[in-house]
Amino acid sequence: MAKVREKLYVTVPSLFRCPISMDVMRSPVSLCTGVTYDRSSIQHWLDSGHDTCPATMQVLPSKDFIPNLTVHRLIRLWLLSSEPPSPPVADRLRSLLRGVQSADEDLAGALSKIAEFAKSSAENRRLLAAFNGFDSAVVRALAGSAASENAIYLLDSVFRQNGNSERIRKLILDAREQCFYSMISVLRNGSPKSKVETVRVLEFLACDFGSKKLIAETRGLMSLLTSFLKDSEEELNDAVLSLLGVVSVTHSAKVELVNCGVVEAVSELLRARSAAATSERCLRVLAVVATCAEGRAAMAAEPSCAAAVVERVAKAPKAAAEDAVAVLWSLCCLCGNVKVRDDVAKRNGVAAILLVMQRGWEEHVRSMCVDLIKVLKGACKNGLGLELGSYDTKTTHIKPC
């Protein structure tokens, strides 16, 4: 196995790797900071609402980027000079993979060796993804609870990034009862790294309303995920928050999240001044649960929730700022909670919303900001003591449920 790995390992110059994906860049482009990224990776970063350079964390005065033709030419020359695996090496790898594909072999042992090989380089992972039948063998191993952590690793690192996404999703969802059981087992008993990989695979599976609903309705999953937010490392927190923001598409899923204590957990993360990326995901989850009455009631009852959101709204990237505005609007305008309204007003909520309004927004966001300013100014004029009840607003983009 070591010999196979040595012959197949390809050393990629660091200059050719995208700092975000760590893969060889296909279309290198440079930001105004001088750092070069793969076009698809940096575009996704910017589209997600970030306004910083991922490598330097400098605030970008401009989000424009230009093609780096020099790096592009160097990568082309390097690719032309890189030879593909020789037939004998490919045959050895095929023999190893045959052990994974055959039900008669030691599946757990074979997967362990394959996982070690995959960890060597991105080139090795792409090579594995291209082998016919390997994806179904890994899913079969997961469904059978054989070497679940290695199967999860391969799904996350090999197929989630390099494989046929549609085929992988179908294979797993077709055997979802067994696969989800194995995933929950890893979430309960696996290593911290395996838990993160499992959550990422679940988010990868959540590609449409039906799959999101299936994941959210998996018994015990939402409560287990929420429990991680109360005492976990940042990487796992970020993965869980991202998944919860994606799969909570039904009223029942949102209510279950609320009942599991997600509002308290997320408010605590915001209050603890978590990293910017974590805070953005926290705001997304709060914006999701704010669309149901139970979520709004839980946020109004949580003393630190609105205060933590106000502190973040002005400094958050655009997408996260919109989520923060939606949360505050839901509490102060939609349900007219006087206590929350007064608390937001006392914390310079008017000034924060005015700062947010200076950014370019679509009409529905501007409408929410205008509603908030009217309500908060009214609270200030009335000495923070007049109960206004539910504010009569024409902002209808949030449909309460």
# chains A, B, ... in the order shown; residues from 1 in each chain; ligands from 1
call {"tool": "closest_atom_pairs", "arguments": {"of": "region 190-305 of chain A", "to": "region 335-359 of chain A", "cutoff": "12 Å", "atoms": "only C-alpha atoms", "output": "CSV"}}
result
residue,atom,partner,partner_atom,distance
A:Ala290,CA,A:Cys335,CA,10.4
A:Thr291,CA,A:Cys335,CA,11.0
A:Cys292,CA,A:Cys335,CA,10.8
A:Ala293,CA,A:Cys335,CA,8.5
A:Glu294,CA,A:Cys335,CA,11.3
A:Gly295,CA,A:Cys335,CA,11.2
A:Arg296,CA,A:Cys335,CA,7.8
A:Ala297,CA,A:Cys335,CA,8.8
A:Ala298,CA,A:Asn337,CA,11.7
A:Met299,CA,A:Val340,CA,9.1
A:Ala300,CA,A:Val340,CA,6.3
A:Ala301,CA,A:Val340,CA,8.9
A:Glu302,CA,A:Val340,CA,9.7
A:Pro303,CA,A:Val340,CA,8.6
A:Ser304,CA,A:Asp343,CA,9.9
A:Cys305,CA,A:Val340,CA,9.2
call {"tool": "write_last_selection", "arguments": {"atoms": "all heavy atoms", "output": "tab-separated table (two decimals), in the first residue's frame"}}
result
chain	number	residue	atom	x	y	z
A	290	ALA	N	-37.18	32.70	13.40
A	290	ALA	CA	-38.02	33.89	13.59
A	290	ALA	C	-39.24	33.88	12.69
A	290	ALA	O	-40.16	34.67	12.89
A	290	ALA	CB	-37.21	35.16	13.32
A	291	THR	N	-39.26	32.98	11.71
A	291	THR	CA	-40.41	32.90	10.81
A	291	THR	C	-41.55	32.08	11.40
A	291	THR	O	-42.59	31.93	10.76
A	291	THR	CB	-40.00	32.29	9.45
A	291	THR	OG1	-39.46	30.98	9.67
A	291	THR	CG2	-38.95	33.15	8.76
A	292	CYS	N	-41.38	31.56	12.61
A	292	CYS	CA	-42.50	30.86	13.27
A	292	CYS	C	-42.78	31.51	14.62
A	292	CYS	O	-41.89	32.07	15.26
A	292	CYS	CB	-42.21	29.36	13.43
A	292	CYS	SG	-40.99	28.93	14.68
A	293	ALA	N	-44.03	31.47	15.03
A	293	ALA	CA	-44.45	32.13	16.27
A	293	ALA	C	-43.69	31.59	17.48
A	293	ALA	O	-43.32	32.35	18.39
A	293	ALA	CB	-45.95	31.96	16.45
A	294	GLU	N	-43.46	30.28	17.49
A	294	GLU	CA	-42.75	29.68	18.62
A	294	GLU	C	-41.31	30.21	18.71
A	294	GLU	O	-40.79	30.43	19.81
A	294	GLU	CB	-42.73	28.16	18.47
A	294	GLU	CG	-44.09	27.49	18.58
A	294	GLU	CD	-44.89	27.49	17.27
A	294	GLU	OE1	-44.42	28.11	16.29
A	294	GLU	OE2	-45.96	26.87	17.26
A	295	GLY	N	-40.69	30.40	17.55
A	295	GLY	CA	-39.34	30.94	17.54
A	295	GLY	C	-39.29	32.37	18.04
A	295	GLY	O	-38.40	32.74	18.83
A	296	ARG	N	-40.25	33.18	17.61
A	296	ARG	CA	-40.28	34.57	18.07
A	296	ARG	C	-40.53	34.65	19.57
A	296	ARG	O	-39.94	35.47	20.28
A	296	ARG	CB	-41.35	35.35	17.29
A	296	ARG	CG	-41.04	35.49	15.81
A	296	ARG	CD	-42.00	36.45	15.12
A	296	ARG	NE	-43.36	35.94	15.05
A	296	ARG	CZ	-43.83	35.16	14.08
A	296	ARG	NH1	-43.01	34.75	13.12
A	296	ARG	NH2	-45.10	34.75	14.05
A	297	ALA	N	-41.41	33.80	20.07
A	297	ALA	CA	-41.69	33.79	21.51
A	297	ALA	C	-40.44	33.39	22.30
A	297	ALA	O	-40.15	33.98	23.36
A	297	ALA	CB	-42.83	32.83	21.80
A	298	ALA	N	-39.70	32.40	21.80
A	298	ALA	CA	-38.49	31.96	22.49
A	298	ALA	C	-37.43	33.04	22.49
A	298	ALA	O	-36.73	33.26	23.49
A	298	ALA	CB	-37.95	30.68	21.84
A	299	MET	N	-37.29	33.76	21.37
A	299	MET	CA	-36.30	34.84	21.30
A	299	MET	C	-36.68	36.00	22.21
A	299	MET	O	-35.83	36.62	22.84
A	299	MET	CB	-36.14	35.30	19.85
A	299	MET	CG	-35.33	34.33	19.01
A	299	MET	SD	-34.94	34.98	17.37
A	299	MET	CE	-36.50	34.71	16.54
A	300	ALA	N	-37.97	36.31	22.27
A	300	ALA	CA	-38.43	37.38	23.15
A	300	ALA	C	-38.20	37.03	24.62
A	300	ALA	O	-37.92	37.90	25.45
A	300	ALA	CB	-39.92	37.66	22.90
A	301	ALA	N	-38.29	35.74	24.94
A	301	ALA	CA	-38.11	35.30	26.33
A	301	ALA	C	-36.64	35.15	26.72
A	301	ALA	O	-36.32	35.06	27.90
A	301	ALA	CB	-38.84	33.97	26.54
A	302	GLU	N	-35.76	35.11	25.73
A	302	GLU	CA	-34.34	34.95	26.00
A	302	GLU	C	-33.71	36.34	26.19
A	302	GLU	O	-33.59	37.12	25.24
A	302	GLU	CB	-33.65	34.23	24.84
A	302	GLU	CG	-32.14	34.11	24.94
A	302	GLU	CD	-31.69	33.41	26.20
A	302	GLU	OE1	-32.32	32.41	26.61
A	302	GLU	OE2	-30.70	33.87	26.79
A	303	PRO	N	-33.29	36.69	27.39
A	303	PRO	CA	-32.85	38.06	27.69
A	303	PRO	C	-31.72	38.57	26.81
A	303	PRO	O	-31.68	39.75	26.48
A	303	PRO	CB	-32.41	37.96	29.16
A	303	PRO	CG	-33.10	36.76	29.71
A	303	PRO	CD	-33.22	35.81	28.56
A	304	SER	N	-30.80	37.69	26.42
A	304	SER	CA	-29.61	38.15	25.70
A	304	SER	C	-29.76	38.13	24.19
A	304	SER	O	-28.89	38.63	23.47
A	304	SER	CB	-28.41	37.28	26.09
A	304	SER	OG	-28.63	35.94	25.68
A	305	CYS	N	-30.85	37.59	23.66
A	305	CYS	CA	-30.96	37.37	22.22
A	305	CYS	C	-30.96	38.67	21.43
A	305	CYS	O	-30.09	38.91	20.59
A	305	CYS	CB	-32.21	36.54	21.92
A	305	CYS	SG	-32.38	36.13	20.17
call {"tool": "select_by_dssp", "arguments": {"residues": "region 104-248 of chain A", "states": "alpha helix (DSSP H)", "output": "ChimeraX atom specification"}}
result
/A:107-118,122-129,134-143,148-154,160-162,165-174,176-189,192-205,209-216,221-228,234-247
call {"tool": "atom_distance", "arguments": {"atom1": "CA of Leu243 (chain A)", "atom2": "CA of Arg17 (chain A)"}}
result
27.0 Å
call {"tool": "closest_residue", "arguments": {"among": "A:Glu203, A:Asp47, A:Asp23, A:Asp135", "to": "Pro317 (chain A)", "atoms": "only C-alpha atoms"}}
result
A:Asp47
call {"tool": "select_by_dssp", "arguments": {"residues": "region 16-217 of chain A", "states": "strand (DSSP E or B)", "output": "VMD selection string"}}
result
chain A and resid 17 24 28 to 30 36 to 38 52 59 66 to 67
call {"tool": "closest_residue", "arguments": {"among": "A:Ile114, A:Val29, A:Leu286, A:Val35", "to": "Leu69 (chain A)", "atoms": "only C-alpha atoms"}}
result
A:Val29
call {"tool": "closest_atom_pairs", "arguments": {"of": "region 191-227 of chain A", "to": "region 246-258 of chain A", "cutoff": "9 Å", "atoms": "only C-alpha atoms", "output": "Markdown table"}}
result
| residue | atom | partner | partner_atom | distance |
| --- | --- | --- | --- | --- |
| A:Glu203 | CA | A:Val246 | CA | 7.3 |
| A:Ala206 | CA | A:Val247 | CA | 6.7 |
| A:Phe209 | CA | A:Val249 | CA | 7.3 |
| A:Ser211 | CA | A:Val247 | CA | 8.3 |
| A:Lys212 | CA | A:Val247 | CA | 4.6 |
| A:Lys213 | CA | A:Val247 | CA | 6.6 |
| A:Leu214 | CA | A:Val247 | CA | 8.8 |
| A:Ile215 | CA | A:Val247 | CA | 6.9 |
| A:Ala216 | CA | A:Val247 | CA | 5.9 |
| A:Glu217 | CA | A:Ala253 | CA | 7.1 |
| A:Met222 | CA | A:Leu257 | CA | 6.5 |
| A:Ser223 | CA | A:Leu257 | CA | 7.1 |
| A:Thr226 | CA | A:Leu257 | CA | 7.4 |
call {"tool": "atom_distance", "arguments": {"atom1": "CA of Ser267 (chain A)", "atom2": "CA of Ala308 (chain A)"}}
result
6.8 Å
call {"tool": "residues_around", "arguments": {"residues": "region 178-183 of chain A", "least_positions_apart": "4", "cutoff": "9 Å", "atoms": "only C-alpha atoms", "output": "ChimeraX atom specification"}}
result
/A:139-140,142-146,148-149,152,172-173,187-188,195,198-199,202,215,218
call {"tool": "atom_distance", "arguments": {"atom1": "CA of Arg39 (chain A)", "atom2": "CA of Pro19 (chain A)"}}
result
11.4 Å
call {"tool": "closest_residue", "arguments": {"among": "A:Ser367, A:Leu205, A:Ser242, A:Ser14", "to": "Val288 (chain A)", "atoms": "only C-alpha atoms"}}
result
A:Ser242
call {"tool": "residues_around", "arguments": {"residues": "Cys282 (chain A)", "least_positions_apart": "4", "cutoff": "8 Å", "atoms": "only C-alpha atoms", "output": "list in words"}}
result
Leu241, Val266, Ser267, Leu269, Leu270, Thr278 and Leu286 of chain A
call {"tool": "closest_residue", "arguments": {"among": "A:Cys53, A:Ala110, A:Val375, A:Ala321", "to": "Trp361 (chain A)", "atoms": "only C-alpha atoms"}}
result
A:Ala321
call {"tool": "closest_residue", "arguments": {"among": "A:Leu111, A:Leu221, A:Ile168, A:Ala239", "to": "Pro192 (chain A)", "atoms": "only C-alpha atoms"}}
result
A:Ala239
